[in-house]
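Structure, as structure tokens:
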Amino acid sequence: MTQPPISRFSVPSLKSLPEDIRTRILAVQEKTGFIPNVFLALAHRPDEFRAFFAMNDALMEKDSGLTKAEREMIVVATSAANQCHYCVIAHGAVLRIRAKNPLIADQVAINYRAADITPRQRAMIDFALKVCREAHTVDDADFETLAGHGFSQDDIWDIAAVAAFFGLSNRLAHVAAMRANEEFYVMGRLPRNAD
């Protein structure tokens with residue numbers, strides 16, 4: 001069976017890409033064993049690829065009051081709200097790995113209120129979804145609620161920035177009809193050495 005294309009837009013070959021982008025993509029392939037389709041789809045526009053992944057790295061890889069798993073929870077919950085198939089599948093895989101929990105991504109994507117998460121994480125996702133769906137209604141009471149759960153001003157910025165950035169990502173993925181790699185569906189569901 002022929003696989004559908006990974007994007008509605010043209011996808012450049014690896015050898016045609018600028019050296020810095022090709023190097024980054026090959027490093028991801030070396031680490032994961034495959035090239036996530038988002039890298040190839042966004043390589044269609046090299047300058048935007050660089051800007052997108054610089055922002056992604058700044059938000060998702062830094063040390064802060066949010067764990068890396070919590071940031072992935074935000075991505076999965078807001079991407080589910082935006083019906084972004086690619087991001088729910090891809091970031092769900094990353095969430096399972098970072099949380100070391102094979103159930104968490106499905107729980108958060110379907111109904112985070114019934115998920116096995118802490119009240120602090122539930123408040124974090126409540127706020128992220130408010131930013132996702134109705135950012136114009138964010139007010140001081142939201143900040144007070146989050147502060148009551150131990151979130152700092154920087155943490156609140158991070159929650160909002162992750163939700164907002166992945167709103168952009170979700171919309172690009174929709175327009176491009178970006179296809180999630182099959183590898184993502186099984187990642188983090190079973191121990192690596194399981195058959």
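Ligands are numbered from 1 in the order shown, residues from 1 within each chain, and chains are lettered A, B, ... in the order they appear in the structure tokens.
For A:Pro46, the residues within 9 Å (counting only C-alpha atoms, excluding itself and residues fewer than 5 positions away along the chain) are A:Leu17, A:Pro18, A:Ile21, A:Ala51.
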How would the residues just picked look written out with N, CA and C atoms as a compact mmCIF listing (two decimals), in the first residue's frame?
```
# COMPACT_ATOMS: atom_id res chain seq x y z
N LEU A 17 19.05 20.41 1.01
CA LEU A 17 18.87 21.35 2.13
C LEU A 17 20.17 22.07 2.49
N PRO A 18 20.05 23.27 3.05
CA PRO A 18 21.25 23.93 3.59
C PRO A 18 21.92 23.04 4.63
N ILE A 21 20.57 22.77 8.30
CA ILE A 21 19.29 22.08 8.44
C ILE A 21 19.49 20.58 8.23
N ALA A 51 13.68 29.38 12.45
CA ALA A 51 12.97 30.17 13.46
C ALA A 51 12.05 29.28 14.29
```
Please build the interface table for stretch 101-137 of chain A against stretch 176-193 of chain A with a cut-off of 12 Å, listing for each qualifying residue the nearest atom pair and the distance in Å to one decimal; count only C-alpha atoms, order rows by chain and increasing number, and write it as CSV.
```
residue,atom,partner,partner_atom,distance
A:Asn101,CA,A:Gly188,CA,7.5
A:Pro102,CA,A:Arg189,CA,4.5
A:Leu103,CA,A:Arg189,CA,7.6
A:Ile104,CA,A:Arg189,CA,9.9
A:Ala105,CA,A:Gly188,CA,9.8
A:Asp106,CA,A:Arg189,CA,10.6
```
Keeping only C-alpha atoms, write those residues as a compact mmCIF listing (two decimals), in the first residue's frame.
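What ended up in out27.txt:
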```
# COMPACT_ATOMS: atom_id res chain seq x y z
CA ASN A 101 4.13 6.47 31.70
CA PRO A 102 2.58 4.58 28.75
CA LEU A 103 -0.95 5.77 29.60
CA ILE A 104 -0.52 9.48 30.24
CA ALA A 105 -0.65 10.85 26.68
CA ASP A 106 -3.93 9.13 25.84
```
(request) May I have the residues within 9 Å of A:Ile159 as a PyMOL selection string, using only C-alpha atoms and disregarding those fewer than 3 positions away in the same chain? (result) chain A and resi 66+71+74+124-125+127-128+131+154-156+162-164
Residues from the last selection, N, CA and C atoms, saved as a PDB file, in the first residue's frame:
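Now in again.pdb:
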```
ATOM      1  N   LEU A  66       8.695  24.215  35.116  1.00  0.00           N
ATOM      2  CA  LEU A  66       7.901  23.155  34.484  1.00  0.00           C
ATOM      3  C   LEU A  66       8.847  22.042  34.062  1.00  0.00           C
ATOM      4  N   ARG A  71       5.589  20.255  30.067  1.00  0.00           N
ATOM      5  CA  ARG A  71       5.473  21.026  28.820  1.00  0.00           C
ATOM      6  C   ARG A  71       4.827  20.181  27.725  1.00  0.00           C
ATOM      7  N   ILE A  74       1.098  20.057  28.114  1.00  0.00           N
ATOM      8  CA  ILE A  74       0.468  21.252  27.549  1.00  0.00           C
ATOM      9  C   ILE A  74       0.284  21.083  26.047  1.00  0.00           C
ATOM     10  N   MET A 124      -2.500  23.783  35.553  1.00  0.00           N
ATOM     11  CA  MET A 124      -1.628  24.198  34.451  1.00  0.00           C
ATOM     12  C   MET A 124      -2.333  23.992  33.104  1.00  0.00           C
ATOM     13  N   ILE A 125      -2.945  22.828  32.932  1.00  0.00           N
ATOM     14  CA  ILE A 125      -3.633  22.544  31.668  1.00  0.00           C
ATOM     15  C   ILE A 125      -4.900  23.381  31.535  1.00  0.00           C
ATOM     16  N   PHE A 127      -5.256  26.391  32.491  1.00  0.00           N
ATOM     17  CA  PHE A 127      -4.791  27.691  32.020  1.00  0.00           C
ATOM     18  C   PHE A 127      -4.317  27.609  30.571  1.00  0.00           C
ATOM     19  N   ALA A 128      -3.576  26.565  30.233  1.00  0.00           N
ATOM     20  CA  ALA A 128      -3.095  26.411  28.857  1.00  0.00           C
ATOM     21  C   ALA A 128      -4.266  26.354  27.877  1.00  0.00           C
ATOM     22  N   VAL A 131      -5.687  29.779  27.377  1.00  0.00           N
ATOM     23  CA  VAL A 131      -4.844  30.515  26.417  1.00  0.00           C
ATOM     24  C   VAL A 131      -5.131  30.030  24.998  1.00  0.00           C
ATOM     25  N   ASP A 154       7.407  33.382  35.798  1.00  0.00           N
ATOM     26  CA  ASP A 154       8.094  32.766  34.656  1.00  0.00           C
ATOM     27  C   ASP A 154       7.400  31.481  34.212  1.00  0.00           C
ATOM     28  N   ASP A 155       6.947  30.697  35.161  1.00  0.00           N
ATOM     29  CA  ASP A 155       6.231  29.464  34.822  1.00  0.00           C
ATOM     30  C   ASP A 155       4.945  29.785  34.053  1.00  0.00           C
ATOM     31  N   ILE A 156       4.226  30.810  34.503  1.00  0.00           N
ATOM     32  CA  ILE A 156       2.969  31.193  33.845  1.00  0.00           C
ATOM     33  C   ILE A 156       3.252  31.646  32.410  1.00  0.00           C
ATOM     34  N   VAL A 162       4.028  28.106  25.513  1.00  0.00           N
ATOM     35  CA  VAL A 162       3.934  26.771  24.911  1.00  0.00           C
ATOM     36  C   VAL A 162       2.569  26.603  24.246  1.00  0.00           C
ATOM     37  N   ALA A 163       1.508  26.983  24.942  1.00  0.00           N
ATOM     38  CA  ALA A 163       0.170  26.870  24.356  1.00  0.00           C
ATOM     39  C   ALA A 163       0.047  27.706  23.085  1.00  0.00           C
ATOM     40  N   ALA A 164       0.568  28.922  23.117  1.00  0.00           N
ATOM     41  CA  ALA A 164       0.468  29.814  21.953  1.00  0.00           C
ATOM     42  C   ALA A 164       1.317  29.314  20.790  1.00  0.00           C
TER      43      ALA A 164
END
```
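Between atom CA of A:Lys62 and atom CA of A:Asp158 there is a distance of 10.3 Å.
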Report as a short mmCIF file (atom, residue, chain, number, x, y, z; two decimals) with C-alpha atoms, in the first residue's frame all protein, DNA and RNA residues lying within 12 Å of A:Lys68, evaluated on only C-alpha atoms, omitting residues in the same chain fewer than 4 positions from it.
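Result file is out_36.cif:
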```cif
data_model
loop_
_atom_site.label_atom_id
_atom_site.label_comp_id
_atom_site.auth_asym_id
_atom_site.auth_seq_id
_atom_site.Cartn_x
_atom_site.Cartn_y
_atom_site.Cartn_z
CA ASP A 57 14.00 24.59 21.62
CA ALA A 58 13.74 27.76 23.71
CA LEU A 59 10.34 26.69 25.05
CA MET A 60 10.64 22.94 25.30
CA GLU A 61 14.25 22.19 26.23
CA LYS A 62 15.14 24.71 28.92
CA ASP A 63 15.27 24.14 32.65
CA SER A 64 12.42 25.91 34.40
CA GLU A 72 4.57 18.00 26.68
CA MET A 73 1.27 17.69 28.61
CA ILE A 74 0.47 21.25 27.55
CA VAL A 75 1.25 20.42 23.92
CA HIS A 91 4.09 14.86 21.26
CA VAL A 94 7.42 12.28 23.69
CA LEU A 95 5.14 12.72 26.72
CA ARG A 96 4.99 8.95 27.31
CA ILE A 97 8.78 8.80 27.22
CA ARG A 98 9.43 11.89 29.36
CA ALA A 99 6.79 10.94 31.94
CA LYS A 100 7.83 7.26 31.83
CA ASP A 158 6.05 29.38 29.87
CA ILE A 159 2.61 27.76 30.05
CA VAL A 162 3.93 26.77 24.91
#
```
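Here the question is which of A:Asp126, A:Ile6, A:Ala135, A:Asn82 gets nearest to A:Arg113 using only C-alpha atoms, and that residue is A:Asp126.
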(request) Skip A:Arg171 itself and residues of its chain fewer than 3 positions away, then list as an NGL selection string all residues within 10 Å of it, counting only C-alpha atoms. (result) :A and (79 or 82-84 or 166-168 or 174-177)
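The shortest atom-to-atom distance to A:Ser13, with only C-alpha atoms taken into account, belongs to A:Leu40 out of A:Leu40, A:Glu30, A:Gln121, A:Ala115.
The residue that comes closest to A:Arg50, out of A:Arg133, A:Arg122, A:Arg22, A:Ala141 and on the basis of only C-alpha atoms, is A:Arg22.
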(request) Write down as a ChimeraX atom specification the residues of chain A whose backbone DSSP state falls under helix (DSSP H, G or I). (result) /A:14-16,19-32,37-42,46-60,68-81,85-99,104-114,119-137,140-148,153-176,182-186
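Picture a line from atom CA of A:Phe39 to atom CA of A:Ile25; it runs 6.7 Å.
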